[in-house]
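The file start39.cif comes next; it holds mmCIF, N, CA and C atoms.
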data_structure
loop_
_atom_site.label_atom_id
_atom_site.label_comp_id
_atom_site.auth_asym_id
_atom_site.auth_seq_id
_atom_site.Cartn_x
_atom_site.Cartn_y
_atom_site.Cartn_z
N GLU E 1 -3.20 1.26 -17.19
CA GLU E 1 -1.91 0.91 -16.65
C GLU E 1 -1.25 2.19 -16.13
N TYR E 2 -0.89 2.19 -14.82
CA TYR E 2 -0.25 3.37 -14.24
C TYR E 2 0.50 3.01 -12.97
N ARG E 3 1.26 3.98 -12.49
CA ARG E 3 2.06 3.81 -11.27
C ARG E 3 1.90 5.06 -10.41
N LEU E 4 1.65 4.84 -9.13
CA LEU E 4 1.59 5.91 -8.14
C LEU E 4 2.81 5.76 -7.25
N GLU E 5 3.41 6.88 -6.86
CA GLU E 5 4.61 6.80 -6.02
C GLU E 5 4.64 7.99 -5.08
N MET E 6 5.15 7.74 -3.86
CA MET E 6 5.30 8.84 -2.90
C MET E 6 6.44 8.53 -1.94
N ARG E 7 7.09 9.57 -1.49
CA ARG E 7 8.09 9.48 -0.42
C ARG E 7 7.35 9.87 0.84
N CYS E 8 7.42 9.03 1.87
CA CYS E 8 6.61 9.29 3.06
C CYS E 8 7.32 8.83 4.32
N ALA E 9 6.77 9.24 5.43
CA ALA E 9 7.27 8.84 6.74
C ALA E 9 6.07 8.59 7.64
N THR E 10 6.24 7.69 8.59
CA THR E 10 5.21 7.49 9.59
C THR E 10 5.74 8.01 10.92
N SER E 11 4.83 8.20 11.84
CA SER E 11 5.22 8.67 13.18
C SER E 11 4.20 8.14 14.18
N GLU E 12 4.39 8.48 15.42
CA GLU E 12 3.42 8.07 16.45
C GLU E 12 2.04 8.66 16.17
N THR E 13 2.00 9.87 15.62
CA THR E 13 0.72 10.51 15.35
C THR E 13 0.15 10.16 13.98
N THR E 14 0.99 9.65 13.08
CA THR E 14 0.55 9.22 11.76
C THR E 14 1.10 7.82 11.50
N PRO E 15 0.49 6.80 12.11
CA PRO E 15 1.04 5.45 12.00
C PRO E 15 0.69 4.72 10.71
N LEU E 16 -0.17 5.32 9.86
CA LEU E 16 -0.66 4.64 8.67
C LEU E 16 -0.61 5.60 7.48
N VAL E 17 0.05 5.17 6.41
CA VAL E 17 0.07 5.94 5.16
C VAL E 17 -0.13 4.97 4.01
N GLY E 18 -0.55 5.49 2.85
CA GLY E 18 -0.73 4.60 1.73
C GLY E 18 -1.14 5.29 0.45
N LEU E 19 -1.27 4.47 -0.58
CA LEU E 19 -1.68 4.91 -1.91
C LEU E 19 -2.98 4.21 -2.29
N VAL E 20 -3.84 4.90 -3.01
CA VAL E 20 -5.13 4.35 -3.40
C VAL E 20 -5.23 4.34 -4.93
N ALA E 21 -5.74 3.24 -5.49
CA ALA E 21 -5.93 3.12 -6.93
C ALA E 21 -7.34 2.63 -7.22
N ARG E 22 -7.77 2.85 -8.44
CA ARG E 22 -9.10 2.42 -8.90
C ARG E 22 -10.21 2.88 -7.96
N TRP E 23 -10.13 4.11 -7.56
CA TRP E 23 -11.11 4.72 -6.66
C TRP E 23 -12.42 4.91 -7.39
N ALA E 24 -13.49 4.32 -6.88
CA ALA E 24 -14.83 4.56 -7.41
C ALA E 24 -15.59 5.47 -6.46
N ASP E 25 -15.49 5.18 -5.16
CA ASP E 25 -16.04 6.03 -4.11
C ASP E 25 -15.39 5.58 -2.80
N ALA E 26 -15.87 6.13 -1.67
CA ALA E 26 -15.23 5.86 -0.37
C ALA E 26 -15.24 4.39 0.02
N SER E 27 -16.08 3.57 -0.61
CA SER E 27 -16.15 2.16 -0.24
C SER E 27 -15.69 1.22 -1.35
N GLN E 28 -15.12 1.76 -2.45
CA GLN E 28 -14.68 0.93 -3.56
C GLN E 28 -13.34 1.39 -4.10
N SER E 29 -12.27 0.66 -3.74
CA SER E 29 -10.93 1.00 -4.20
C SER E 29 -9.95 -0.10 -3.82
N TYR E 30 -8.72 0.07 -4.25
CA TYR E 30 -7.60 -0.77 -3.82
C TYR E 30 -6.62 0.14 -3.10
N ALA E 31 -5.89 -0.40 -2.13
CA ALA E 31 -4.92 0.42 -1.40
C ALA E 31 -3.65 -0.38 -1.12
N PHE E 32 -2.53 0.32 -1.16
CA PHE E 32 -1.25 -0.20 -0.72
C PHE E 32 -0.90 0.59 0.53
N VAL E 33 -0.88 -0.07 1.69
CA VAL E 33 -0.82 0.59 2.98
C VAL E 33 0.44 0.20 3.74
N TRP E 34 1.10 1.18 4.33
CA TRP E 34 2.22 0.95 5.26
C TRP E 34 1.67 1.22 6.65
N ASP E 35 1.60 0.18 7.47
CA ASP E 35 1.04 0.25 8.82
C ASP E 35 2.20 0.14 9.82
N ARG E 36 2.60 1.26 10.35
CA ARG E 36 3.74 1.30 11.28
C ARG E 36 3.45 0.53 12.55
N ALA E 37 2.24 0.64 13.07
CA ALA E 37 1.87 -0.03 14.33
C ALA E 37 1.98 -1.55 14.19
N ARG E 38 1.60 -2.09 13.05
CA ARG E 38 1.67 -3.54 12.83
C ARG E 38 2.97 -3.98 12.16
N LYS E 39 3.82 -3.00 11.81
CA LYS E 39 5.11 -3.27 11.16
C LYS E 39 4.92 -4.12 9.91
N GLU E 40 4.01 -3.62 9.02
CA GLU E 40 3.74 -4.35 7.79
C GLU E 40 3.24 -3.43 6.68
N VAL E 41 3.28 -3.96 5.46
CA VAL E 41 2.61 -3.33 4.32
C VAL E 41 1.53 -4.30 3.86
N ARG E 42 0.45 -3.74 3.27
CA ARG E 42 -0.68 -4.56 2.83
C ARG E 42 -1.22 -4.05 1.50
N LEU E 43 -1.69 -4.98 0.68
CA LEU E 43 -2.54 -4.65 -0.46
C LEU E 43 -3.96 -4.97 -0.01
N GLU E 44 -4.85 -3.99 -0.13
CA GLU E 44 -6.23 -4.16 0.34
C GLU E 44 -7.22 -3.89 -0.78
N ARG E 45 -8.33 -4.58 -0.73
CA ARG E 45 -9.47 -4.35 -1.62
C ARG E 45 -10.59 -3.82 -0.74
N HIS E 46 -11.10 -2.65 -1.08
CA HIS E 46 -12.18 -2.04 -0.32
C HIS E 46 -13.49 -2.19 -1.09
N LEU E 47 -14.39 -2.96 -0.52
CA LEU E 47 -15.76 -3.14 -1.03
C LEU E 47 -16.68 -3.06 0.18
N GLY E 48 -16.97 -1.87 0.61
CA GLY E 48 -17.75 -1.69 1.83
C GLY E 48 -16.86 -1.18 2.95
N PRO E 49 -17.35 -1.25 4.19
CA PRO E 49 -16.63 -0.64 5.31
C PRO E 49 -15.39 -1.39 5.79
N THR E 50 -15.29 -2.69 5.50
CA THR E 50 -14.16 -3.48 6.00
C THR E 50 -13.26 -3.90 4.84
N PRO E 51 -11.98 -3.50 4.86
CA PRO E 51 -11.09 -3.89 3.76
C PRO E 51 -10.75 -5.38 3.81
N TYR E 52 -10.57 -5.95 2.62
CA TYR E 52 -10.14 -7.34 2.48
C TYR E 52 -8.65 -7.32 2.14
N VAL E 53 -7.83 -7.99 2.93
CA VAL E 53 -6.38 -7.99 2.71
C VAL E 53 -6.05 -9.03 1.64
N LEU E 54 -5.49 -8.56 0.53
CA LEU E 54 -5.09 -9.44 -0.57
C LEU E 54 -3.71 -10.04 -0.32
N ALA E 55 -2.82 -9.26 0.30
CA ALA E 55 -1.45 -9.72 0.59
C ALA E 55 -0.86 -8.83 1.67
N ARG E 56 0.09 -9.39 2.43
CA ARG E 56 0.77 -8.60 3.46
C ARG E 56 2.21 -9.09 3.59
N ALA E 57 3.08 -8.18 4.07
CA ALA E 57 4.49 -8.53 4.30
C ALA E 57 5.01 -7.67 5.45
N ALA E 58 5.94 -8.23 6.20
CA ALA E 58 6.55 -7.49 7.31
C ALA E 58 7.40 -6.35 6.77
N LEU E 59 7.39 -5.22 7.47
CA LEU E 59 8.19 -4.06 7.09
C LEU E 59 8.47 -3.21 8.32
N ALA E 60 9.69 -3.22 8.77
CA ALA E 60 10.10 -2.39 9.91
C ALA E 60 10.36 -0.96 9.44
N SER E 61 10.22 -0.03 10.35
CA SER E 61 10.52 1.36 10.03
C SER E 61 12.03 1.57 10.03
N PRO E 62 12.56 2.25 9.02
CA PRO E 62 13.99 2.54 9.01
C PRO E 62 14.33 3.60 10.05
N ALA E 63 15.60 3.80 10.31
CA ALA E 63 16.03 4.76 11.33
C ALA E 63 15.48 6.16 11.09
N ASP E 64 15.45 6.60 9.84
CA ASP E 64 14.95 7.95 9.55
C ASP E 64 13.44 7.97 9.37
N GLY E 65 12.79 6.80 9.42
CA GLY E 65 11.33 6.73 9.33
C GLY E 65 10.77 6.95 7.95
N GLN E 66 11.62 7.08 6.92
CA GLN E 66 11.13 7.40 5.58
C GLN E 66 11.27 6.22 4.62
N ARG E 67 10.30 6.12 3.73
CA ARG E 67 10.28 5.10 2.69
C ARG E 67 9.69 5.71 1.42
N THR E 68 9.99 5.07 0.30
CA THR E 68 9.32 5.40 -0.95
C THR E 68 8.37 4.24 -1.25
N LEU E 69 7.08 4.55 -1.31
CA LEU E 69 6.06 3.56 -1.64
C LEU E 69 5.60 3.77 -3.08
N ALA E 70 5.33 2.67 -3.77
CA ALA E 70 4.79 2.76 -5.12
C ALA E 70 3.74 1.67 -5.30
N LEU E 71 2.72 1.98 -6.07
CA LEU E 71 1.66 1.03 -6.41
C LEU E 71 1.56 0.99 -7.92
N GLN E 72 1.88 -0.15 -8.50
CA GLN E 72 1.83 -0.36 -9.94
C GLN E 72 0.54 -1.09 -10.28
N VAL E 73 -0.23 -0.56 -11.22
CA VAL E 73 -1.50 -1.14 -11.62
C VAL E 73 -1.43 -1.49 -13.10
N GLN E 74 -1.59 -2.79 -13.41
CA GLN E 74 -1.58 -3.27 -14.80
C GLN E 74 -2.71 -4.27 -14.97
N GLY E 75 -3.79 -3.87 -15.61
CA GLY E 75 -4.93 -4.76 -15.76
C GLY E 75 -5.43 -5.21 -14.40
N PHE E 76 -5.47 -6.53 -14.18
CA PHE E 76 -5.91 -7.06 -12.90
C PHE E 76 -4.75 -7.25 -11.92
N ARG E 77 -3.53 -6.91 -12.32
CA ARG E 77 -2.35 -7.11 -11.47
C ARG E 77 -2.02 -5.84 -10.69
N LEU E 78 -1.76 -6.02 -9.41
CA LEU E 78 -1.31 -4.94 -8.53
C LEU E 78 0.04 -5.33 -7.96
N GLN E 79 0.96 -4.38 -7.91
CA GLN E 79 2.26 -4.61 -7.28
C GLN E 79 2.53 -3.48 -6.30
N GLY E 80 2.93 -3.85 -5.09
CA GLY E 80 3.33 -2.88 -4.08
C GLY E 80 4.84 -2.89 -3.97
N LEU E 81 5.46 -1.72 -4.09
CA LEU E 81 6.91 -1.60 -4.03
C LEU E 81 7.32 -0.71 -2.87
N VAL E 82 8.39 -1.07 -2.22
CA VAL E 82 8.98 -0.26 -1.16
C VAL E 82 10.43 -0.02 -1.53
N ASP E 83 10.79 1.26 -1.64
CA ASP E 83 12.16 1.64 -2.02
C ASP E 83 12.59 0.89 -3.29
N ASP E 84 11.70 0.87 -4.29
CA ASP E 84 11.91 0.29 -5.62
C ASP E 84 12.05 -1.23 -5.64
N GLU E 85 11.66 -1.92 -4.59
CA GLU E 85 11.65 -3.38 -4.58
C GLU E 85 10.21 -3.87 -4.45
N ILE E 86 9.83 -4.82 -5.31
CA ILE E 86 8.48 -5.40 -5.21
C ILE E 86 8.40 -6.22 -3.93
N VAL E 87 7.45 -5.87 -3.06
CA VAL E 87 7.27 -6.61 -1.81
C VAL E 87 5.94 -7.36 -1.78
N LEU E 88 4.97 -6.91 -2.58
CA LEU E 88 3.67 -7.56 -2.63
C LEU E 88 3.12 -7.54 -4.04
N HIS E 89 2.35 -8.56 -4.40
CA HIS E 89 1.64 -8.55 -5.67
C HIS E 89 0.37 -9.39 -5.55
N ALA E 90 -0.60 -9.00 -6.32
CA ALA E 90 -1.87 -9.74 -6.35
C ALA E 90 -2.47 -9.60 -7.74
#

Target encoding structure tokens, full file:
Amino acid sequence: EYRLEMRCATSETTPLVGLVARWADASQSYAFVWDRARKEVRLERHLGPTPYVLARAALASPADGQRTLALQVQGFRLQGLVDDEIVLHA
């Protein structure tokens, strides 16, 4: 049981940021991703080269472009938080 948290910003040159949990190797992990280009956040399961989207929600970029992302891991439960609000869970 743990929580990862970061303050981050996206830009035209860095449209995708996120947190990774339960990393086994480059093809086995879970991720909470903020995708600026698609204006969304996603919980993903990586088992091979193509991620499987567990959940997604719309998320526009704020005026200053900054957000606090957190990924809470408890047993089989994952929660994605943006600015301390739960926006996704699986």

Hey, what does DSSP flag as strand (DSSP E) within chain E? Can you give it to me as a PyMOL selection string? chain E and resi 2-9+16-25+28-35+40-47+51-58+66-74+77-82+85-89

Test item: residues at most 7 Å from Thr10 in chain E, only N, CA and C atoms, excluding those fewer than 2 positions along its chain, as a VMD selection string: chain E and resid 8 12 to 17 36 65 to 67

Selection dump of the PyMOL selection byres ((chain E and resi 48) around 8), as a list of chain:residue names: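 Evaluating the PyMOL selection byres ((chain E and resi 48) around 8) on this file yields E:Ala26, E:Ser27, E:Gln28, E:Ser29, E:Arg45, E:His46, E:Leu47, E:Pro49, E:Thr50, E:Pro51, E:Tyr52.
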
Those same residues - N, CA and C atoms - I'd like them written as an mmCIF file, keeping the file's coordinate frame.
data_model
loop_
_atom_site.group_PDB
_atom_site.id
_atom_site.type_symbol
_atom_site.label_atom_id
_atom_site.label_comp_id
_atom_site.auth_asym_id
_atom_site.auth_seq_id
_atom_site.Cartn_x
_atom_site.Cartn_y
_atom_site.Cartn_z
ATOM 1 N N ALA E 26 -15.870 6.130 -1.670
ATOM 2 C CA ALA E 26 -15.230 5.860 -0.370
ATOM 3 C C ALA E 26 -15.240 4.390 0.020
ATOM 4 N N SER E 27 -16.080 3.570 -0.610
ATOM 5 C CA SER E 27 -16.150 2.160 -0.240
ATOM 6 C C SER E 27 -15.690 1.220 -1.350
ATOM 7 N N GLN E 28 -15.120 1.760 -2.450
ATOM 8 C CA GLN E 28 -14.680 0.930 -3.560
ATOM 9 C C GLN E 28 -13.340 1.390 -4.100
ATOM 10 N N SER E 29 -12.270 0.660 -3.740
ATOM 11 C CA SER E 29 -10.930 1.000 -4.200
ATOM 12 C C SER E 29 -9.950 -0.100 -3.820
ATOM 13 N N ARG E 45 -8.330 -4.580 -0.730
ATOM 14 C CA ARG E 45 -9.470 -4.350 -1.620
ATOM 15 C C ARG E 45 -10.590 -3.820 -0.740
ATOM 16 N N HIS E 46 -11.100 -2.650 -1.080
ATOM 17 C CA HIS E 46 -12.180 -2.040 -0.320
ATOM 18 C C HIS E 46 -13.490 -2.190 -1.090
ATOM 19 N N LEU E 47 -14.390 -2.960 -0.520
ATOM 20 C CA LEU E 47 -15.760 -3.140 -1.030
ATOM 21 C C LEU E 47 -16.680 -3.060 0.180
ATOM 22 N N PRO E 49 -17.350 -1.250 4.190
ATOM 23 C CA PRO E 49 -16.630 -0.640 5.310
ATOM 24 C C PRO E 49 -15.390 -1.390 5.790
ATOM 25 N N THR E 50 -15.290 -2.690 5.500
ATOM 26 C CA THR E 50 -14.160 -3.480 6.000
ATOM 27 C C THR E 50 -13.260 -3.900 4.840
ATOM 28 N N PRO E 51 -11.980 -3.500 4.860
ATOM 29 C CA PRO E 51 -11.090 -3.890 3.760
ATOM 30 C C PRO E 51 -10.750 -5.380 3.810
ATOM 31 N N TYR E 52 -10.570 -5.950 2.620
ATOM 32 C CA TYR E 52 -10.140 -7.340 2.480
ATOM 33 C C TYR E 52 -8.650 -7.320 2.140
#

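CA of Val87 in chain E sits 16.2 Å away from atom C of Tyr2 in chain E.
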
Tell me which residues the PyMOL selection byres (((chain E and resi 88 and name CA) around 12) and name CA) grabs here, as a count of residues only. 32

Work out how far CA of Asp35 in chain E is from CA of Ala9 in chain E, in Å to one decimal.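 CA of Ala9 in chain E sits 10.8 Å away from CA of Asp35 in chain E.
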
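Comparing the minimum interatomic distances between Glu5 in chain E and each of E:Ala60, E:Thr68, E:Ala37, E:Ala21, counting all atoms listed in the file, we find that E:Thr68 sits nearest.
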
Between CA of Ser11 in chain E and CA of Arg38 in chain E, distance in Å (one decimal): 12.7 Å

Limit the output to C-alpha atoms and give range 28-80 of chain E as a compact mmCIF listing (two decimals), in the first residue's frame.
# COMPACT_ATOMS: atom_id res chain seq x y z
CA GLN E 28 4.68 -4.68 -17.04
CA SER E 29 3.29 -1.86 -14.90
CA TYR E 30 0.33 0.39 -14.12
CA ALA E 31 0.29 4.08 -15.00
CA PHE E 32 -1.75 7.16 -14.18
CA VAL E 33 -1.29 9.44 -17.20
CA TRP E 34 -2.23 13.06 -17.92
CA ASP E 35 -2.51 13.42 -21.71
CA ARG E 36 -2.68 17.10 -22.64
CA ALA E 37 -3.26 16.42 -26.35
CA ARG E 38 -6.36 14.31 -25.62
CA LYS E 39 -7.42 16.49 -22.65
CA GLU E 40 -7.77 13.48 -20.36
CA VAL E 41 -6.29 11.40 -17.57
CA ARG E 42 -6.07 7.60 -17.78
CA LEU E 43 -5.33 4.59 -15.62
CA GLU E 44 -3.44 2.10 -17.79
CA ARG E 45 -2.28 -1.49 -17.42
CA HIS E 46 0.87 -2.28 -19.36
CA LEU E 47 1.30 -5.93 -20.38
CA GLY E 48 3.33 -5.77 -23.55
CA PRO E 49 3.76 -2.94 -26.05
CA THR E 50 0.15 -1.65 -26.07
CA PRO E 51 -1.37 -0.27 -22.84
CA TYR E 52 -4.87 -1.32 -21.82
CA VAL E 53 -6.97 1.61 -20.56
CA LEU E 54 -8.71 0.70 -17.30
CA ALA E 55 -10.44 4.09 -16.87
CA ARG E 56 -10.38 7.58 -18.35
CA ALA E 57 -11.80 11.03 -17.55
CA ALA E 58 -11.75 14.43 -19.24
CA LEU E 59 -9.25 16.93 -17.83
CA ALA E 60 -8.55 20.34 -19.32
CA SER E 61 -5.28 22.12 -18.69
CA PRO E 62 -5.54 24.94 -16.15
CA ALA E 63 -4.37 28.46 -17.05
CA ASP E 64 -0.96 27.95 -15.42
CA GLY E 65 -0.65 24.44 -16.91
CA GLN E 66 0.15 22.87 -13.53
CA ARG E 67 -1.54 20.05 -11.64
CA THR E 68 -0.77 17.77 -8.73
CA LEU E 69 -1.16 14.12 -9.75
CA ALA E 70 -1.28 11.25 -7.27
CA LEU E 71 -1.60 7.49 -7.68
CA GLN E 72 -2.84 5.56 -4.65
CA VAL E 73 -2.19 1.80 -4.65
CA GLN E 74 -4.02 -0.45 -2.15
CA GLY E 75 -4.04 -4.17 -2.91
CA PHE E 76 -5.84 -4.54 -6.23
CA ARG E 77 -7.34 -1.02 -6.04
CA LEU E 78 -5.84 1.92 -7.91
CA GLN E 79 -6.99 5.52 -7.50
CA GLY E 80 -5.91 8.44 -9.66
